[in-house]
$ cat my_file.pdb   # PDB, C-alpha atoms
ATOM      1  CA  MET A  26      20.828  -5.494  23.548
ATOM      2  CA  ASP A  27      19.745  -7.765  26.453
ATOM      3  CA  ILE A  28      16.731  -5.552  27.197
ATOM      4  CA  LEU A  29      13.492  -6.468  25.416
ATOM      5  CA  ARG A  30      11.096  -3.547  25.191
ATOM      6  CA  ARG A  31       7.495  -4.458  24.418
ATOM      7  CA  PHE A  32       5.241  -2.113  22.488
ATOM      8  CA  GLU A  33       1.712  -3.483  22.442
ATOM      9  CA  THR A  34      -0.079  -0.251  21.545
ATOM     10  CA  ILE A  35       0.566   2.716  19.292
ATOM     11  CA  ASN A  36       0.691   4.945  22.352
ATOM     12  CA  ASP A  37       3.452   2.787  23.890
ATOM     13  CA  TYR A  38       5.771   3.496  20.968
ATOM     14  CA  ASN A  39       4.794   7.160  20.700
ATOM     15  CA  VAL A  40       5.611   7.721  24.371
ATOM     16  CA  PHE A  41       8.951   5.934  23.973
ATOM     17  CA  ASN A  42       9.866   8.353  21.163
ATOM     18  CA  ASN A  43       8.382  11.564  22.674
ATOM     19  CA  ASN A  44       5.671  11.748  20.009
ATOM     20  CA  GLU A  45       2.068  12.775  20.644
ATOM     21  CA  THR A  46      -0.620  10.112  20.163
ATOM     22  CA  ARG A  47      -3.186  11.714  17.855
ATOM     23  CA  HIS A  48      -4.924   8.471  16.898
ATOM     24  CA  PRO A  49      -4.992   5.287  18.991
ATOM     25  CA  LEU A  50      -4.413   2.974  16.011
ATOM     26  CA  VAL A  51      -1.942   4.773  13.725
ATOM     27  CA  SER A  52       1.000   7.155  13.924
ATOM     28  CA  VAL A  53       3.780   8.630  11.823
ATOM     29  CA  VAL A  54       6.618   8.696  14.344
ATOM     30  CA  ASP A  55       9.360  11.311  14.028
ATOM     31  CA  LEU A  56      12.287   9.431  15.539
ATOM     32  CA  SER A  57      14.405  12.591  15.830
ATOM     33  CA  LYS A  58      12.179  13.648  18.772
ATOM     34  CA  ALA A  59      13.308  10.624  20.785
ATOM     35  CA  ASP A  60      15.849  10.946  23.549
ATOM     36  CA  PRO A  61      19.369   9.646  22.826
ATOM     37  CA  ARG A  62      19.547   5.974  23.767
ATOM     38  CA  GLN A  63      21.458   2.749  23.549
ATOM     39  CA  GLY A  64      20.410  -0.199  21.433
ATOM     40  CA  SER A  65      17.789  -2.670  22.617
ATOM     41  CA  ARG A  66      15.524  -5.362  21.239
ATOM     42  CA  MET A  67      11.914  -4.356  20.657
ATOM     43  CA  TYR A  68       8.685  -6.329  20.278
ATOM     44  CA  PHE A  69       5.993  -4.714  18.135
ATOM     45  CA  GLY A  70       2.328  -5.641  18.447
ATOM     46  CA  PHE A  71       1.431  -3.758  15.266
ATOM     47  CA  TYR A  72       2.615  -3.177  11.687
ATOM     48  CA  THR A  73       5.835  -1.133  11.668
ATOM     49  CA  ILE A  74       7.741   0.370   8.751
ATOM     50  CA  PHE A  75      11.042   2.112   9.448
ATOM     51  CA  LEU A  76      12.500   4.730   7.120
ATOM     52  CA  LYS A  77      16.120   5.271   8.131
ATOM     53  CA  ASP A  78      17.723   8.653   7.485
ATOM     54  CA  VAL A  79      21.274   8.363   8.803
ATOM     55  CA  LYS A  80      23.747   5.721   9.915
ATOM     56  CA  CYS A  81      23.454   5.129  13.673
ATOM     57  CA  GLY A  82      23.892   1.448  14.340
ATOM     58  CA  ASP A  83      23.001  -1.962  13.004
ATOM     59  CA  LEU A  84      19.447  -3.242  12.852
ATOM     60  CA  VAL A  85      19.081  -6.570  14.618
ATOM     61  CA  TYR A  86      16.176  -8.534  13.211
ATOM     62  CA  GLY A  87      15.453 -11.967  14.647
ATOM     63  CA  ARG A  88      18.886 -13.544  15.006
ATOM     64  CA  HIS A  89      20.500 -11.596  12.190
ATOM     65  CA  THR A  90      22.333  -8.280  12.144
ATOM     66  CA  TYR A  91      21.864  -5.994   9.185
ATOM     67  CA  ASP A  92      23.755  -2.863   8.158
ATOM     68  CA  TYR A  93      20.748  -0.574   8.160
ATOM     69  CA  GLN A  94      21.717   2.015   5.563
ATOM     70  CA  GLU A  95      20.399   5.470   4.833
ATOM     71  CA  GLY A  96      17.342   5.444   2.611
ATOM     72  CA  THR A  97      16.245   1.958   3.641
ATOM     73  CA  LEU A  98      12.739   0.686   4.431
ATOM     74  CA  VAL A  99      12.248  -2.291   6.739
ATOM     75  CA  PHE A 100       8.823  -3.872   7.291
ATOM     76  CA  LEU A 101       7.704  -5.659  10.458
ATOM     77  CA  ALA A 102       4.438  -7.526  10.924
ATOM     78  CA  PRO A 103       2.735  -7.657  14.349
ATOM     79  CA  GLY A 104       4.516  -9.983  16.752
ATOM     80  CA  GLN A 105       7.996  -9.530  15.299
ATOM     81  CA  VAL A 106      11.080  -8.536  17.269
ATOM     82  CA  ALA A 107      13.732  -6.135  15.999
ATOM     83  CA  GLY A 108      16.216  -3.805  17.574
ATOM     84  CA  MET A 109      19.197  -1.554  17.165
ATOM     85  CA  ASN A 110      22.684  -2.634  18.119
ATOM     86  CA  SER A 111      24.667   0.512  18.930
ATOM     87  CA  ASN A 112      27.614  -1.446  20.370
ATOM     88  CA  SER A 113      26.849   0.007  23.829
ATOM     89  CA  GLU A 114      27.170   3.546  22.472
ATOM     90  CA  THR A 115      24.455   6.164  22.869
ATOM     91  CA  TYR A 116      22.944   7.354  19.609
ATOM     92  CA  GLN A 117      20.290   9.821  18.480
ATOM     93  CA  PRO A 118      17.533   8.085  16.482
ATOM     94  CA  LYS A 119      16.578   9.771  13.234
ATOM     95  CA  GLY A 120      14.151   9.020  10.453
ATOM     96  CA  TYR A 121      10.499   8.021  10.579
ATOM     97  CA  ALA A 122       8.330   5.061  11.424
ATOM     98  CA  LEU A 123       4.816   4.419  10.135
ATOM     99  CA  ILE A 124       2.998   2.247  12.646
ATOM    100  CA  PHE A 125      -0.586   1.012  12.479
ATOM    101  CA  HIS A 126      -2.525  -1.523  14.520
ATOM    102  CA  PRO A 127      -4.336  -4.421  12.795
ATOM    103  CA  ASP A 128      -7.587  -3.095  14.283
ATOM    104  CA  LEU A 129      -7.277  -0.022  12.037
ATOM    105  CA  ILE A 130      -7.672  -2.065   8.857
ATOM    106  CA  HIS A 131     -10.218  -4.655   9.987
ATOM    107  CA  GLY A 132     -13.245  -4.552   7.684
ATOM    108  CA  THR A 133     -11.411  -2.616   4.955
ATOM    109  CA  ALA A 134     -10.124  -3.715   1.550
ATOM    110  CA  LEU A 135      -6.581  -3.385   2.898
ATOM    111  CA  GLY A 136      -7.427  -5.638   5.814
ATOM    112  CA  ARG A 137      -8.730  -8.290   3.446
ATOM    113  CA  HIS A 138      -5.515  -8.438   1.400
ATOM    114  CA  ILE A 139      -2.776  -7.248   3.774
ATOM    115  CA  GLN A 140      -1.234 -10.732   3.420
ATOM    116  CA  ASP A 141      -0.559  -9.927  -0.251
ATOM    117  CA  TYR A 142       2.143  -7.484   0.860
ATOM    118  CA  THR A 143       4.608 -10.295   1.336
ATOM    119  CA  PHE A 144       7.500  -7.995   2.242
ATOM    120  CA  PHE A 145       6.163  -7.939   5.819
ATOM    121  CA  GLY A 146       7.617 -11.455   5.950
ATOM    122  CA  TYR A 147      10.998 -10.622   4.436
ATOM    123  CA  GLN A 148      14.208 -10.866   6.419
ATOM    124  CA  SER A 149      16.109  -7.723   7.303
ATOM    125  CA  ASN A 150      18.770  -8.394   4.675
ATOM    126  CA  GLU A 151      15.970  -8.189   2.111
ATOM    127  CA  ALA A 152      15.081  -4.601   3.048
ATOM    128  CA  LEU A 153      13.962  -2.099   0.422
ATOM    129  CA  HIS A 154      16.706   0.281  -0.693
ATOM    130  CA  LEU A 155      15.188   3.508  -1.972
ATOM    131  CA  SER A 156      16.379   5.890  -4.643
ATOM    132  CA  ASN A 157      16.124   9.585  -3.813
ATOM    133  CA  ARG A 158      12.910   9.962  -5.818
ATOM    134  CA  GLU A 159      11.382   6.880  -4.188
ATOM    135  CA  ARG A 160      12.307   8.207  -0.760
ATOM    136  CA  GLN A 161      10.527  11.471  -1.560
ATOM    137  CA  LEU A 162       7.406   9.576  -2.588
ATOM    138  CA  VAL A 163       7.501   7.666   0.694
ATOM    139  CA  LEU A 164       7.822  10.923   2.637
ATOM    140  CA  ASP A 165       4.897  12.368   0.652
ATOM    141  CA  CYS A 166       2.744   9.376   1.624
ATOM    142  CA  PHE A 167       3.769   9.775   5.268
ATOM    143  CA  ALA A 168       2.944  13.494   5.065
ATOM    144  CA  LYS A 169      -0.578  12.767   3.777
ATOM    145  CA  ILE A 170      -1.206  10.359   6.648
ATOM    146  CA  ASP A 171       0.254  12.874   9.097
ATOM    147  CA  TYR A 172      -2.011  15.579   7.628
ATOM    148  CA  GLU A 173      -5.073  13.480   8.460
ATOM    149  CA  LEU A 174      -3.780  12.880  11.982
ATOM    150  CA  GLU A 175      -3.474  16.641  12.514
ATOM    151  CA  HIS A 176      -7.236  16.957  12.139
ATOM    152  CA  ALA A 177      -9.904  15.873  14.568
ATOM    153  CA  ILE A 178     -11.125  12.340  13.841
ATOM    154  CA  ASP A 179     -14.287  12.438  11.735
ATOM    155  CA  LYS A 180     -16.248  10.032   9.521
ATOM    156  CA  HIS A 181     -13.704  10.424   6.715
ATOM    157  CA  SER A 182     -10.547   9.900   8.778
ATOM    158  CA  LYS A 183     -10.296   6.121   8.738
ATOM    159  CA  ARG A 184     -11.022   5.780   5.015
ATOM    160  CA  LEU A 185      -8.476   8.442   4.050
ATOM    161  CA  ILE A 186      -5.774   7.169   6.402
ATOM    162  CA  VAL A 187      -6.191   3.555   5.311
ATOM    163  CA  SER A 188      -6.297   4.587   1.629
ATOM    164  CA  ASN A 189      -2.999   6.431   2.021
ATOM    165  CA  ILE A 190      -1.396   3.473   3.809
ATOM    166  CA  GLU A 191      -2.551   1.250   0.947
ATOM    167  CA  LEU A 192      -1.167   3.723  -1.603
ATOM    168  CA  PHE A 193       2.181   3.684   0.208
ATOM    169  CA  LEU A 194       2.268  -0.137   0.285
ATOM    170  CA  ASN A 195       1.417  -0.303  -3.415
ATOM    171  CA  TYR A 196       4.325   2.015  -4.175
ATOM    172  CA  CYS A 197       6.531  -0.336  -2.160
ATOM    173  CA  VAL A 198       5.401  -3.261  -4.336
ATOM    174  CA  ARG A 199       6.581  -1.302  -7.370
ATOM    175  CA  PHE A 200       9.849  -0.329  -5.680
ATOM    176  CA  TYR A 201      10.575  -3.950  -4.771
ATOM    177  CA  GLU A 202       9.974  -5.015  -8.364
ATOM    178  CA  ARG A 203      12.488  -2.379  -9.409
ATOM    179  CA  GLN A 204      14.917  -3.665  -6.799
ATOM    180  CA  PHE A 205      14.614  -7.234  -8.082
ATOM    181  CA  ILE A 206      15.879  -5.880 -11.405
ATOM    182  CA  THR A 207      18.407  -3.229 -10.383
ATOM    183  CA  ARG A 208      20.015  -5.268  -7.614
ATOM    184  CA  ASP A 209      20.744  -8.047 -10.056
ATOM    185  CA  ASN A 210      24.207  -8.639  -8.603
ATOM    186  CA  ALA A 211      22.646  -9.444  -5.237
ATOM    187  CA  HIS A 212      20.281 -11.924  -6.875
ATOM    188  CA  LYS A 213      22.663 -13.222  -9.506
ATOM    189  CA  GLY A 214      22.798 -16.957  -9.583
ATOM    190  CA  ILE A 215      19.889 -17.575  -7.194
ATOM    191  CA  LEU A 216      17.845 -19.409  -9.826
ATOM    192  CA  GLU A 217      20.905 -21.418 -10.860
ATOM    193  CA  ARG A 218      21.559 -22.278  -7.225
ATOM    194  CA  PHE A 219      17.888 -23.172  -6.811
ATOM    195  CA  GLU A 220      18.139 -25.573  -9.757
ATOM    196  CA  GLN A 221      21.350 -27.076  -8.385
ATOM    197  CA  LEU A 222      19.729 -27.452  -4.977
ATOM    198  CA  LEU A 223      16.818 -29.419  -6.447
ATOM    199  CA  ASN A 224      19.165 -31.594  -8.515
ATOM    200  CA  ALA A 225      21.256 -32.372  -5.458
ATOM    201  CA  TYR A 226      18.136 -33.094  -3.389
ATOM    202  CA  TYR A 227      17.153 -35.910  -5.736
ATOM    203  CA  GLN A 228      20.629 -37.402  -5.727
ATOM    204  CA  THR A 229      20.346 -38.136  -2.000
ATOM    205  CA  ASP A 230      17.913 -39.969   0.276
ATOM    206  CA  LYS A 231      16.368 -36.672   1.454
ATOM    207  CA  PRO A 232      13.093 -37.267  -0.447
ATOM    208  CA  GLN A 233      12.509 -40.481   1.545
ATOM    209  CA  LEU A 234      13.551 -38.825   4.813
ATOM    210  CA  MET A 235      12.081 -35.345   4.393
ATOM    211  CA  GLY A 236       9.452 -35.674   1.688
ATOM    212  CA  LEU A 237       9.008 -33.299  -1.217
ATOM    213  CA  PRO A 238      11.283 -30.235  -1.193
ATOM    214  CA  SER A 239       9.302 -27.331   0.229
ATOM    215  CA  VAL A 240       9.563 -23.649  -0.611
ATOM    216  CA  GLY A 241      10.626 -22.988   2.977
ATOM    217  CA  TYR A 242      13.400 -25.581   2.809
ATOM    218  CA  CYS A 243      14.773 -24.230  -0.471
ATOM    219  CA  ALA A 244      14.614 -20.627   0.729
ATOM    220  CA  GLY A 245      16.433 -21.554   3.926
ATOM    221  CA  GLU A 246      19.187 -23.347   2.011
ATOM    222  CA  LEU A 247      19.618 -20.194  -0.097
ATOM    223  CA  ASN A 248      19.622 -17.942   3.009
ATOM    224  CA  LEU A 249      16.427 -16.161   2.001
ATOM    225  CA  SER A 250      13.022 -15.806   3.604
ATOM    226  CA  ALA A 251      10.286 -17.887   1.989
ATOM    227  CA  ASN A 252       8.346 -14.750   0.996
ATOM    228  CA  TYR A 253      11.277 -12.955  -0.629
ATOM    229  CA  PHE A 254      12.407 -16.139  -2.362
ATOM    230  CA  GLY A 255       8.906 -16.806  -3.681
ATOM    231  CA  ASP A 256       8.507 -13.265  -4.977
ATOM    232  CA  LEU A 257      11.928 -13.362  -6.632
ATOM    233  CA  VAL A 258      11.212 -16.672  -8.397
ATOM    234  CA  LYS A 259       7.824 -15.369  -9.545
ATOM    235  CA  LYS A 260       9.414 -12.202 -10.925
ATOM    236  CA  GLU A 261      12.148 -14.099 -12.752
ATOM    237  CA  THR A 262      10.184 -17.092 -14.098
ATOM    238  CA  GLY A 263       6.513 -16.186 -14.054
ATOM    239  CA  GLN A 264       5.923 -19.272 -11.908
ATOM    240  CA  SER A 265       5.491 -19.506  -8.184
ATOM    241  CA  ALA A 266       8.325 -21.241  -6.326
ATOM    242  CA  GLN A 267       5.929 -24.122  -5.615
ATOM    243  CA  GLU A 268       5.101 -24.484  -9.318
ATOM    244  CA  TYR A 269       8.815 -24.408 -10.152
ATOM    245  CA  ILE A 270       9.495 -27.193  -7.643
ATOM    246  CA  GLN A 271       6.582 -29.253  -8.965
ATOM    247  CA  ALA A 272       7.873 -28.886 -12.533
ATOM    248  CA  LYS A 273      11.288 -30.140 -11.418
ATOM    249  CA  VAL A 274       9.751 -33.065  -9.546
ATOM    250  CA  MET A 275       7.775 -34.013 -12.639
ATOM    251  CA  ASP A 276      10.941 -33.909 -14.759
ATOM    252  CA  VAL A 277      12.615 -36.320 -12.349
ATOM    253  CA  ALA A 278       9.465 -38.447 -12.273
ATOM    254  CA  LYS A 279       9.315 -38.747 -16.081
ATOM    255  CA  GLU A 280      12.931 -39.881 -16.160
ATOM    256  CA  ARG A 281      12.311 -42.510 -13.486
ATOM    257  CA  MET A 282       9.228 -43.865 -15.220
ATOM    258  CA  PHE A 283      11.586 -45.501 -17.736
ATOM    259  CA  ASP A 284      12.814 -47.854 -14.985
ATOM    260  CA  HIS A 285      10.331 -50.730 -15.299
ATOM    261  CA  SER A 286      11.778 -52.492 -12.275
ATOM    262  CA  LYS A 287       9.896 -49.989 -10.130
ATOM    263  CA  SER A 288       6.159 -49.603  -9.793
ATOM    264  CA  VAL A 289       4.481 -46.223  -9.981
ATOM    265  CA  SER A 290       4.014 -46.351  -6.204
ATOM    266  CA  GLN A 291       7.727 -46.993  -5.670
ATOM    267  CA  VAL A 292       8.624 -44.042  -7.877
ATOM    268  CA  ALA A 293       6.174 -41.882  -5.909
ATOM    269  CA  TYR A 294       7.736 -42.839  -2.568
ATOM    270  CA  GLU A 295      11.265 -42.278  -3.915
ATOM    271  CA  LEU A 296      10.268 -38.775  -5.011
ATOM    272  CA  GLY A 297       9.052 -37.941  -1.517
ATOM    273  CA  PHE A 298       5.292 -38.338  -1.934
ATOM    274  CA  LYS A 299       3.613 -39.692   1.164
ATOM    275  CA  TYR A 300       0.690 -41.015  -0.838
ATOM    276  CA  PRO A 301       1.022 -42.452  -4.376
ATOM    277  CA  GLN A 302      -2.444 -41.124  -5.203
ATOM    278  CA  HIS A 303      -1.155 -37.589  -4.695
ATOM    279  CA  PHE A 304       1.699 -38.278  -7.109
ATOM    280  CA  MET A 305      -0.634 -39.772  -9.719
ATOM    281  CA  ARG A 306      -3.025 -36.832  -9.479
ATOM    282  CA  LEU A 307      -0.235 -34.243  -9.776
ATOM    283  CA  PHE A 308       1.426 -36.137 -12.639
ATOM    284  CA  LYS A 309      -1.848 -36.228 -14.596
ATOM    285  CA  GLN A 310      -2.422 -32.552 -13.901
ATOM    286  CA  ARG A 311       1.084 -31.448 -14.939
ATOM    287  CA  VAL A 312       1.875 -33.924 -17.733
ATOM    288  CA  GLY A 313      -1.584 -34.536 -19.175
ATOM    289  CA  GLN A 314      -1.331 -38.322 -18.796
ATOM    290  CA  SER A 315      -1.388 -40.717 -15.886
ATOM    291  CA  PRO A 316       2.019 -42.211 -14.953
ATOM    292  CA  ASN A 317       1.074 -45.541 -16.512
ATOM    293  CA  GLU A 318      -0.194 -43.890 -19.693
ATOM    294  CA  TYR A 319       3.043 -41.912 -19.925
ATOM    295  CA  ARG A 320       5.066 -45.095 -19.428
ATOM    296  CA  ARG A 321       3.142 -46.919 -22.171
ATOM    297  CA  THR A 322       3.450 -43.989 -24.598
ATOM    298  CA  ALA A 323       7.180 -43.705 -23.915
ATOM    299  CA  ASP A 324       7.641 -47.431 -24.519
ATOM    300  CA  ALA A 325       5.692 -47.248 -27.790
ATOM    301  CA  ASN A 326       7.754 -44.323 -29.025
ATOM    302  CA  ALA A 327      10.979 -46.104 -28.110
ATOM    303  CA  SER A 328      10.030 -49.215 -30.116
TER     304      SER A 328
END

$ encode --input "my_file.pdb" --output "structure tokens"
Amino acid sequence: MDILRRFETINDYNVFNNNETRHPLVSVVDLSKADPRQGSRMYFGFYTIFLKDVKCGDLVYGRHTYDYQEGTLVFLAPGQVAGMNSNSETYQPKGYALIFHPDLIHGTALGRHIQDYTFFGYQSNEALHLSNRERQLVLDCFAKIDYELEHAIDKHSKRLIVSNIELFLNYCVRFYERQFITRDNAHKGILERFEQLLNAYYQTDKPQLMGLPSVGYCAGELNLSANYFGDLVKKETGQSAQEYIQAKVMDVAKERMFDHSKSVSQVAYELGFKYPQHFMRLFKQRVGQSPNEYRRTADANAS
């Protein structure tokens, strides 16, 4: 695992796996054609999606090791490092990889919204576990792309290849939504832990030291990637993780507005706002009144 192999081009990875390069910017790689090898870390300069067929080692992704099971999809964005830890044993790779260079999708609809496919930023332990029917759909999508690569490149090639990649990614969005539901045990308690995390945050001096709780901070505390965490919160609550945090901050703010010994600016700083004006603007936006108006209304209702 000490070796770092760099794959900057599609051809680099095809050669490594004994696959022919039929298009310089995209390939469906049949990993069973590769020579037996030991695990190594790999840098990918392009989008990479692995479909694993059989157990043959643990996927190492960043600093984490993941039991890369049969029927699993893992997504890597350009510039990411992953690898296979075979515990110094030689193994025969199997399965498929869809790889495509960012240059393939420049100027296309997919290129304009590739960032919407947030699973390219998920951690390896947030991989997509496929049912048998889902796996067959994935293989069908790969087969359509492979069909286009079998033909000489013409004026239709790019549009059809990119359309099929987009179709595949859209299926993966659906499959992930299914996984958020069916893998409920894996997600059980995350929202409760999120709520507890925010409560605990405001019982310490972290707001003054660290500022407002960020999505990245909360995801890290819950051992999730920011993208996966955000998508999970959105699926469960209908709100983005940022909106959920803001709602919690406003709840704390409304409670603290009853303490007349503190000015609005003091409350803002205690909540982690760097600028009181930002707090006042957000409070008005979320609550419908300025902090001072809310304080006066609350006092009138109390008397």

$ residues_around --input "my_file.pdb" --residues "stretch 290-296 of chain A" --least-positions-apart "4" --cutoff "8 Å" --atoms "all atoms listed in the file" --output "PyMOL selection string"
chain A and resi 227+232-233+236-237+274+278+281-282+300-301+304

$ closest_residue --input "my_file.pdb" --among "A:Ala244, A:Val198, A:Leu56, A:Leu222" --to "A:Phe41" --atoms "all atoms listed in the file"
A:Leu56

$ atom_distance --input "my_file.pdb" --atom1 "atom CA of A:Leu101" --atom2 "atom CA of A:Ser65"
16.1 Å

$ residues_around --input "my_file.pdb" --residues "A:Pro238" --least-positions-apart "3" --cutoff "12 Å" --atoms "only C-alpha atoms" --output "NGL selection string"
:A and (219-220 or 222-227 or 230-235 or 241-246 or 266-274 or 296-298)

$ atom_distance --input "my_file.pdb" --atom1 "atom CA of A:Tyr38" --atom2 "atom CA of A:Ala251"
28.9 Å

$ closest_residue --input "my_file.pdb" --among "A:Phe283, A:Phe254, A:Phe125, A:Phe144" --to "A:Val51" --atoms "only C-alpha atoms"
A:Phe125

$ resolve_selection --input "my_file.pdb" --expression "the PyMOL selection byres ((chain A and resi 186) around 12)" --output "MDAnalysis selection string"
chainID A and resid 48 50:53 123:125 129:130 133 135 166:176 178:185 187:193

$ atom_distance --input "my_file.pdb" --atom1 "atom CA of A:Gln310" --atom2 "atom CA of A:Met275"
10.4 Å

$ closest_residue --input "my_file.pdb" --among "A:Thr143, A:Lys279, A:Asp60, A:Val163" --to "A:Asp256" --atoms "all atoms listed in the file"
A:Thr143

$ closest_residue --input "my_file.pdb" --among "A:Thr73, A:Asn317, A:Thr46, A:Thr34" --to "A:Ala122" --atoms "all atoms listed in the file"
A:Thr73

$ residues_near_point --input "my_file.pdb" --point "(-0.4, -1.8, 21.3)" --cutoff "10 Å" --atoms "only C-alpha atoms" --output "VMD selection string"
chain A and resid 31 to 38 49 to 50 69 to 71 103 125 to 127

$ resolve_selection --input "my_file.pdb" --expression "the PyMOL selection byres ((chain A and resi 215) around 12)" --output "list in words"
Phe205, Asp209, Asn210, Ala211, His212, Lys213, Gly214, Leu216, Glu217, Arg218, Phe219, Glu220, Gln221, Leu222, Cys243, Ala244, Glu246, Leu247, Asn248, Leu249, Tyr253, Phe254, Gly255, Leu257, Val258, Glu261 and Thr262 of chain A

$ resolve_selection --input "my_file.pdb" --expression "the PyMOL selection byres ((chain A and resi 323) around 12)" --output "JSON list (two decimals) with C-alpha atoms, in the frame of the given file"
[["chain", "number", "residue", "atom", "x", "y", "z"],
["A", 279, "LYS", "CA", 9.32, -38.75, -16.08],
["A", 280, "GLU", "CA", 12.93, -39.88, -16.16],
["A", 281, "ARG", "CA", 12.31, -42.51, -13.49],
["A", 282, "MET", "CA", 9.23, -43.86, -15.22],
["A", 283, "PHE", "CA", 11.59, -45.50, -17.74],
["A", 284, "ASP", "CA", 12.81, -47.85, -14.98],
["A", 285, "HIS", "CA", 10.33, -50.73, -15.30],
["A", 314, "GLN", "CA", -1.33, -38.32, -18.80],
["A", 316, "PRO", "CA", 2.02, -42.21, -14.95],
["A", 317, "ASN", "CA", 1.07, -45.54, -16.51],
["A", 318, "GLU", "CA", -0.19, -43.89, -19.69],
["A", 319, "TYR", "CA", 3.04, -41.91, -19.92],
["A", 320, "ARG", "CA", 5.07, -45.10, -19.43],
["A", 321, "ARG", "CA", 3.14, -46.92, -22.17],
["A", 322, "THR", "CA", 3.45, -43.99, -24.60],
["A", 324, "ASP", "CA", 7.64, -47.43, -24.52],
["A", 325, "ALA", "CA", 5.69, -47.25, -27.79],
["A", 326, "ASN", "CA", 7.75, -44.32, -29.02],
["A", 327, "ALA", "CA", 10.98, -46.10, -28.11],
["A", 328, "SER", "CA", 10.03, -49.22, -30.12]]

$ closest_residue --input "my_file.pdb" --among "A:Val240, A:Ile28, A:Lys287, A:Tyr147" --to "A:Ser265" --atoms "all atoms listed in the file"
A:Val240

$ closest_residue --input "my_file.pdb" --among "A:His131, A:Lys299, A:Arg30, A:Lys260" --to "A:Arg203" --atoms "all atoms listed in the file"
A:Lys260
